[in-house]
Structure formats: C-alpha cells, structure tokens
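Source file query09.txt; content: compact mmCIF, N, CA and C atoms.
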```
# COMPACT_ATOMS: atom_id res chain seq x y z
N ASN A 1 -3.13 -15.50 12.61
CA ASN A 1 -4.28 -14.78 13.11
C ASN A 1 -5.47 -15.10 12.22
N SER A 2 -6.51 -15.63 12.79
CA SER A 2 -7.68 -16.03 12.00
C SER A 2 -8.65 -14.87 11.80
N ARG A 3 -8.42 -13.75 12.48
CA ARG A 3 -9.30 -12.60 12.34
C ARG A 3 -8.87 -11.76 11.15
N GLU A 4 -9.76 -11.56 10.22
CA GLU A 4 -9.47 -10.78 9.02
C GLU A 4 -9.85 -9.33 9.27
N THR A 5 -8.96 -8.41 8.92
CA THR A 5 -9.25 -6.99 9.05
C THR A 5 -10.17 -6.58 7.92
N VAL A 6 -11.25 -5.92 8.26
CA VAL A 6 -12.23 -5.49 7.27
C VAL A 6 -12.01 -4.01 6.99
N LEU A 7 -11.87 -3.68 5.72
CA LEU A 7 -11.67 -2.30 5.30
C LEU A 7 -12.80 -1.85 4.39
N LEU A 8 -12.95 -0.55 4.30
CA LEU A 8 -13.86 0.00 3.30
C LEU A 8 -13.33 -0.39 1.92
N PRO A 9 -14.22 -0.54 0.95
CA PRO A 9 -13.77 -0.96 -0.39
C PRO A 9 -12.68 -0.06 -0.98
N LYS A 10 -12.78 1.25 -0.80
CA LYS A 10 -11.77 2.15 -1.34
C LYS A 10 -10.41 1.90 -0.70
N ALA A 11 -10.40 1.68 0.60
CA ALA A 11 -9.15 1.40 1.30
C ALA A 11 -8.57 0.06 0.86
N ALA A 12 -9.41 -0.93 0.70
CA ALA A 12 -8.95 -2.25 0.25
C ALA A 12 -8.35 -2.16 -1.15
N ARG A 13 -8.97 -1.40 -2.03
CA ARG A 13 -8.43 -1.22 -3.39
C ARG A 13 -7.08 -0.50 -3.34
N SER A 14 -6.98 0.51 -2.48
CA SER A 14 -5.72 1.26 -2.37
C SER A 14 -4.59 0.37 -1.88
N LEU A 15 -4.87 -0.47 -0.90
CA LEU A 15 -3.85 -1.40 -0.42
C LEU A 15 -3.48 -2.42 -1.49
N ALA A 16 -4.47 -2.87 -2.24
CA ALA A 16 -4.19 -3.83 -3.32
C ALA A 16 -3.27 -3.20 -4.37
N VAL A 17 -3.51 -1.95 -4.70
CA VAL A 17 -2.66 -1.24 -5.67
C VAL A 17 -1.25 -1.07 -5.10
N LEU A 18 -1.14 -0.69 -3.84
CA LEU A 18 0.16 -0.56 -3.20
C LEU A 18 0.91 -1.89 -3.24
N GLY A 19 0.25 -2.97 -2.89
CA GLY A 19 0.88 -4.28 -2.90
C GLY A 19 1.35 -4.68 -4.29
N GLU A 20 0.51 -4.45 -5.28
CA GLU A 20 0.88 -4.79 -6.66
C GLU A 20 2.05 -3.94 -7.12
N ASN A 21 2.06 -2.66 -6.76
CA ASN A 21 3.18 -1.80 -7.13
C ASN A 21 4.48 -2.26 -6.49
N LEU A 22 4.41 -2.72 -5.26
CA LEU A 22 5.61 -3.24 -4.59
C LEU A 22 6.10 -4.51 -5.29
N ARG A 23 5.17 -5.39 -5.65
CA ARG A 23 5.56 -6.61 -6.35
C ARG A 23 6.20 -6.28 -7.69
N LEU A 24 5.59 -5.37 -8.45
CA LEU A 24 6.15 -4.99 -9.75
C LEU A 24 7.53 -4.36 -9.61
N ALA A 25 7.71 -3.53 -8.58
CA ALA A 25 9.01 -2.92 -8.35
C ALA A 25 10.06 -3.98 -8.04
N ARG A 26 9.67 -4.96 -7.25
CA ARG A 26 10.60 -6.06 -6.91
C ARG A 26 10.98 -6.83 -8.17
N VAL A 27 10.01 -7.17 -8.97
CA VAL A 27 10.26 -7.96 -10.18
C VAL A 27 11.10 -7.16 -11.18
N ARG A 28 10.80 -5.87 -11.35
CA ARG A 28 11.59 -5.03 -12.26
C ARG A 28 13.05 -4.96 -11.83
N ARG A 29 13.29 -5.04 -10.54
CA ARG A 29 14.66 -4.99 -10.02
C ARG A 29 15.31 -6.38 -10.02
N ARG A 30 14.59 -7.35 -10.51
CA ARG A 30 15.06 -8.74 -10.56
C ARG A 30 15.44 -9.26 -9.18
N ILE A 31 14.62 -8.91 -8.21
CA ILE A 31 14.80 -9.40 -6.85
C ILE A 31 13.80 -10.53 -6.65
N THR A 32 14.28 -11.70 -6.28
CA THR A 32 13.38 -12.81 -6.06
C THR A 32 12.60 -12.59 -4.76
N ALA A 33 11.50 -13.30 -4.64
CA ALA A 33 10.70 -13.21 -3.41
C ALA A 33 11.56 -13.61 -2.21
N ARG A 34 12.34 -14.69 -2.35
CA ARG A 34 13.20 -15.13 -1.25
C ARG A 34 14.19 -14.04 -0.84
N MET A 35 14.83 -13.43 -1.82
CA MET A 35 15.78 -12.35 -1.51
C MET A 35 15.07 -11.22 -0.78
N MET A 36 13.86 -10.88 -1.21
CA MET A 36 13.14 -9.78 -0.59
C MET A 36 12.76 -10.11 0.85
N TRP A 37 12.18 -11.29 1.08
CA TRP A 37 11.75 -11.57 2.45
C TRP A 37 12.95 -11.68 3.39
N GLU A 38 14.08 -12.16 2.88
CA GLU A 38 15.28 -12.22 3.72
C GLU A 38 15.81 -10.82 4.01
N ARG A 39 15.87 -9.96 2.99
CA ARG A 39 16.38 -8.59 3.17
C ARG A 39 15.45 -7.77 4.06
N ALA A 40 14.15 -7.94 3.89
CA ALA A 40 13.18 -7.15 4.65
C ALA A 40 12.97 -7.68 6.05
N GLY A 41 13.43 -8.90 6.30
CA GLY A 41 13.26 -9.49 7.62
C GLY A 41 11.83 -9.89 7.92
N VAL A 42 11.13 -10.30 6.87
CA VAL A 42 9.76 -10.78 7.03
C VAL A 42 9.67 -12.21 6.54
N SER A 43 8.59 -12.88 6.87
CA SER A 43 8.42 -14.25 6.40
C SER A 43 7.90 -14.25 4.96
N HIS A 44 7.98 -15.42 4.34
CA HIS A 44 7.44 -15.59 2.99
C HIS A 44 5.95 -15.25 2.99
N ALA A 45 5.24 -15.72 4.00
CA ALA A 45 3.79 -15.46 4.09
C ALA A 45 3.51 -13.96 4.21
N THR A 46 4.34 -13.25 4.98
CA THR A 46 4.13 -11.82 5.14
C THR A 46 4.40 -11.08 3.84
N LEU A 47 5.46 -11.44 3.13
CA LEU A 47 5.74 -10.81 1.84
C LEU A 47 4.59 -11.05 0.88
N THR A 48 4.08 -12.26 0.84
CA THR A 48 2.94 -12.57 -0.03
C THR A 48 1.74 -11.70 0.33
N ALA A 49 1.49 -11.57 1.63
CA ALA A 49 0.36 -10.74 2.09
C ALA A 49 0.57 -9.28 1.70
N ILE A 50 1.79 -8.78 1.83
CA ILE A 50 2.10 -7.40 1.44
C ILE A 50 1.84 -7.20 -0.04
N GLU A 51 2.33 -8.13 -0.85
CA GLU A 51 2.18 -7.99 -2.30
C GLU A 51 0.73 -8.19 -2.76
N HIS A 52 -0.10 -8.71 -1.88
CA HIS A 52 -1.54 -8.83 -2.17
C HIS A 52 -2.33 -7.72 -1.49
N GLY A 53 -1.62 -6.80 -0.83
CA GLY A 53 -2.28 -5.66 -0.21
C GLY A 53 -3.16 -6.01 0.97
N LYS A 54 -2.76 -6.99 1.74
CA LYS A 54 -3.56 -7.42 2.89
C LYS A 54 -3.45 -6.42 4.03
N ALA A 55 -4.59 -6.11 4.64
CA ALA A 55 -4.64 -5.16 5.74
C ALA A 55 -4.10 -5.75 7.04
N SER A 56 -3.95 -7.04 7.09
CA SER A 56 -3.49 -7.69 8.32
C SER A 56 -2.00 -7.49 8.57
N VAL A 57 -1.26 -6.99 7.59
CA VAL A 57 0.18 -6.78 7.73
C VAL A 57 0.41 -5.42 8.39
N SER A 58 1.37 -5.38 9.30
CA SER A 58 1.67 -4.12 9.99
C SER A 58 2.29 -3.11 9.04
N MET A 59 2.21 -1.87 9.44
CA MET A 59 2.86 -0.80 8.68
C MET A 59 4.36 -1.06 8.62
N ALA A 60 4.93 -1.63 9.66
CA ALA A 60 6.36 -1.95 9.68
C ALA A 60 6.72 -2.93 8.57
N GLY A 61 5.86 -3.88 8.31
CA GLY A 61 6.11 -4.83 7.22
C GLY A 61 6.15 -4.13 5.87
N TYR A 62 5.16 -3.27 5.63
CA TYR A 62 5.15 -2.51 4.38
C TYR A 62 6.37 -1.62 4.27
N MET A 63 6.74 -0.95 5.37
CA MET A 63 7.89 -0.05 5.35
C MET A 63 9.20 -0.81 5.12
N SER A 64 9.33 -2.00 5.68
CA SER A 64 10.54 -2.79 5.46
C SER A 64 10.74 -3.09 3.99
N VAL A 65 9.66 -3.45 3.32
CA VAL A 65 9.74 -3.74 1.88
C VAL A 65 10.03 -2.46 1.11
N LEU A 66 9.37 -1.36 1.46
CA LEU A 66 9.65 -0.09 0.80
C LEU A 66 11.12 0.30 0.92
N PHE A 67 11.70 0.14 2.11
CA PHE A 67 13.11 0.48 2.30
C PHE A 67 14.01 -0.45 1.48
N CYS A 68 13.71 -1.72 1.43
CA CYS A 68 14.53 -2.65 0.64
C CYS A 68 14.49 -2.32 -0.84
N LEU A 69 13.40 -1.74 -1.29
CA LEU A 69 13.27 -1.35 -2.70
C LEU A 69 13.73 0.09 -2.92
N ASN A 70 14.21 0.73 -1.86
CA ASN A 70 14.61 2.14 -1.91
C ASN A 70 13.45 3.02 -2.37
N MET A 71 12.27 2.67 -1.88
CA MET A 71 11.06 3.41 -2.25
C MET A 71 10.44 4.11 -1.04
N GLN A 72 11.18 4.25 0.04
CA GLN A 72 10.60 4.84 1.25
C GLN A 72 10.07 6.24 1.01
N LYS A 73 10.68 6.98 0.11
CA LYS A 73 10.19 8.33 -0.20
C LYS A 73 8.82 8.27 -0.89
N ASP A 74 8.55 7.15 -1.57
CA ASP A 74 7.27 7.03 -2.28
C ASP A 74 6.09 7.00 -1.33
N ILE A 75 6.31 6.60 -0.08
CA ILE A 75 5.20 6.56 0.87
C ILE A 75 4.65 7.96 1.08
N GLU A 76 5.50 8.98 0.92
CA GLU A 76 5.04 10.36 1.05
C GLU A 76 4.12 10.77 -0.09
N LYS A 77 4.23 10.07 -1.22
CA LYS A 77 3.40 10.37 -2.38
C LYS A 77 2.05 9.66 -2.33
N VAL A 78 1.97 8.67 -1.44
CA VAL A 78 0.74 7.89 -1.35
C VAL A 78 -0.36 8.79 -0.81
N ASP A 79 -1.51 8.65 -1.37
CA ASP A 79 -2.63 9.50 -0.98
C ASP A 79 -2.89 9.39 0.52
N LYS A 80 -3.22 10.51 1.13
CA LYS A 80 -3.37 10.62 2.59
C LYS A 80 -4.34 9.59 3.13
N PHE A 81 -5.33 9.24 2.38
CA PHE A 81 -6.32 8.27 2.83
C PHE A 81 -5.67 6.92 3.13
N VAL A 82 -4.78 6.48 2.26
CA VAL A 82 -4.12 5.19 2.46
C VAL A 82 -3.23 5.25 3.69
N ILE A 83 -2.49 6.32 3.87
CA ILE A 83 -1.64 6.44 5.04
C ILE A 83 -2.48 6.40 6.32
N ASP A 84 -3.58 7.12 6.34
CA ASP A 84 -4.46 7.09 7.49
C ASP A 84 -4.94 5.68 7.77
N ILE A 85 -5.32 4.95 6.76
CA ILE A 85 -5.80 3.58 6.93
C ILE A 85 -4.68 2.69 7.46
N LEU A 86 -3.48 2.80 6.90
CA LEU A 86 -2.37 1.97 7.33
C LEU A 86 -2.03 2.20 8.79
N PHE A 87 -2.10 3.44 9.25
CA PHE A 87 -1.78 3.72 10.65
C PHE A 87 -2.89 3.29 11.59
N LEU A 88 -4.09 3.11 11.09
CA LEU A 88 -5.20 2.66 11.94
C LEU A 88 -5.18 1.16 12.14
N ILE A 89 -4.48 0.44 11.28
CA ILE A 89 -4.48 -1.02 11.34
C ILE A 89 -3.65 -1.48 12.51
```

Could you render the structure as structure tokens?
Amino acid sequence: NSRETVLLPKAARSLAVLGENLRLARVRRRITARMMWERAGVSHATLTAIEHGKASVSMAGYMSVLFCLNMQKDIEKVDKFVIDILFLI
C-alpha cells in the first residue's frame, strides 16, 4: 500500500513507543524476528512495521504479536488515546 496513514504527532509517538516496547520484549525473551513473524502469522515486513510503530498495520497485527509475547493484558494498560487511535486505523 503506497498510501501512508497520517497521525497526530502524539499518536505517532505513542505507536512508536508501543512498537519499541514490543521489540524489546521480543529481544528480552530471546525470540528472533523470524520466530516471531512465524508464530504471529505475519510477514517479516509487517513485524518490522509493528516494531517501528507504523500506523499502516492493522490492530490484528499488533494483537497477534502481543499474544505471542503473552502481553495481551498489557493492551488494557495502554492509554485510552492509543487504543482509540488503533481502532480508527
């Protein structure tokens, strides 16, 4: 998709933090990128986009990675603003 989703700066920063936190959680668990994209059922490009906090990735993509990291409960801790933004994408 050549169309880039444009977010408010605060929303873009929040997604970037979420993506970085997911990457750090994966690395701390010693899960390789390949293992993660295979377990989550996403492509390498999608995992990279998730870990960079890209708005173009569906909520399902983010949730797949959260479940693979056993962090699905953490989504409830995410500030309401980010959840609202993710569901609008």

Set the distance at 8 Å and use only N, CA and C atoms: which residues neighbour Gly41 of chain A once local chain neighbours fewer than 3 positions away are removed? I'd like the list as a VMD selection string. chain A and resid 35 to 38 44 61 64 to 65

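For the atom pair formed by atom C of His52 of chain A and atom C of Thr5 of chain A, the distance is 12.3 Å, given to one decimal.
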
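When all atoms listed in the file are used to measure the gap to Leu18 of chain A, the shortest distance among A:Asp74, A:Val57, A:Ile50, A:Leu69 belongs to A:Ile50.
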
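Pairwise distance (atom CA of Leu24 of chain A, atom N of Ala55 of chain A) equals 18.0 Å.
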
Among chain A, which ones does DSSP assign to helix (DSSP H, G or I) (computed from the backbone)? Answer as an MDAnalysis selection string. chainID A and resid 9:28 33:40 44:51 59:68 72:77 80:88

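Omitting Gly53 of chain A and its sequence neighbours fewer than 3 positions away, and counting all atoms listed in the file, the residues within 8 Å are Ala12, Arg13, Ser14, Leu15, Ala16, Val17, Leu18, Gly19, Glu20, Leu47, Thr48, Ala49, Ile50, Ser56 and Val57 of chain A.
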
Residues as selected, N, CA and C atoms, written as a PDB file, in the coordinates of the input, can you do that?
```pdb
ATOM      1  N   ALA A  12      -9.410  -0.930   0.700  1.00  0.00           N
ATOM      2  CA  ALA A  12      -8.950  -2.250   0.250  1.00  0.00           C
ATOM      3  C   ALA A  12      -8.350  -2.160  -1.150  1.00  0.00           C
ATOM      4  N   ARG A  13      -8.970  -1.400  -2.030  1.00  0.00           N
ATOM      5  CA  ARG A  13      -8.430  -1.220  -3.390  1.00  0.00           C
ATOM      6  C   ARG A  13      -7.080  -0.500  -3.340  1.00  0.00           C
ATOM      7  N   SER A  14      -6.980   0.510  -2.480  1.00  0.00           N
ATOM      8  CA  SER A  14      -5.720   1.260  -2.370  1.00  0.00           C
ATOM      9  C   SER A  14      -4.590   0.370  -1.880  1.00  0.00           C
ATOM     10  N   LEU A  15      -4.870  -0.470  -0.900  1.00  0.00           N
ATOM     11  CA  LEU A  15      -3.850  -1.400  -0.420  1.00  0.00           C
ATOM     12  C   LEU A  15      -3.480  -2.420  -1.490  1.00  0.00           C
ATOM     13  N   ALA A  16      -4.470  -2.870  -2.240  1.00  0.00           N
ATOM     14  CA  ALA A  16      -4.190  -3.830  -3.320  1.00  0.00           C
ATOM     15  C   ALA A  16      -3.270  -3.200  -4.370  1.00  0.00           C
ATOM     16  N   VAL A  17      -3.510  -1.950  -4.700  1.00  0.00           N
ATOM     17  CA  VAL A  17      -2.660  -1.240  -5.670  1.00  0.00           C
ATOM     18  C   VAL A  17      -1.250  -1.070  -5.100  1.00  0.00           C
ATOM     19  N   LEU A  18      -1.140  -0.690  -3.840  1.00  0.00           N
ATOM     20  CA  LEU A  18       0.160  -0.560  -3.200  1.00  0.00           C
ATOM     21  C   LEU A  18       0.910  -1.890  -3.240  1.00  0.00           C
ATOM     22  N   GLY A  19       0.250  -2.970  -2.890  1.00  0.00           N
ATOM     23  CA  GLY A  19       0.880  -4.280  -2.900  1.00  0.00           C
ATOM     24  C   GLY A  19       1.350  -4.680  -4.290  1.00  0.00           C
ATOM     25  N   GLU A  20       0.510  -4.450  -5.280  1.00  0.00           N
ATOM     26  CA  GLU A  20       0.880  -4.790  -6.660  1.00  0.00           C
ATOM     27  C   GLU A  20       2.050  -3.940  -7.120  1.00  0.00           C
ATOM     28  N   LEU A  47       5.460 -11.440   3.130  1.00  0.00           N
ATOM     29  CA  LEU A  47       5.740 -10.810   1.840  1.00  0.00           C
ATOM     30  C   LEU A  47       4.590 -11.050   0.880  1.00  0.00           C
ATOM     31  N   THR A  48       4.080 -12.260   0.840  1.00  0.00           N
ATOM     32  CA  THR A  48       2.940 -12.570  -0.030  1.00  0.00           C
ATOM     33  C   THR A  48       1.740 -11.700   0.330  1.00  0.00           C
ATOM     34  N   ALA A  49       1.490 -11.570   1.630  1.00  0.00           N
ATOM     35  CA  ALA A  49       0.360 -10.740   2.090  1.00  0.00           C
ATOM     36  C   ALA A  49       0.570  -9.280   1.700  1.00  0.00           C
ATOM     37  N   ILE A  50       1.790  -8.780   1.830  1.00  0.00           N
ATOM     38  CA  ILE A  50       2.100  -7.400   1.440  1.00  0.00           C
ATOM     39  C   ILE A  50       1.840  -7.200  -0.040  1.00  0.00           C
ATOM     40  N   SER A  56      -3.950  -7.040   7.090  1.00  0.00           N
ATOM     41  CA  SER A  56      -3.490  -7.690   8.320  1.00  0.00           C
ATOM     42  C   SER A  56      -2.000  -7.490   8.570  1.00  0.00           C
ATOM     43  N   VAL A  57      -1.260  -6.990   7.590  1.00  0.00           N
ATOM     44  CA  VAL A  57       0.180  -6.780   7.730  1.00  0.00           C
ATOM     45  C   VAL A  57       0.410  -5.420   8.390  1.00  0.00           C
TER      46      VAL A  57
END
```

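The gap separating atom CA of Arg23 of chain A from atom CA of Cys68 of chain A is 12.0 Å, in Å to one decimal.
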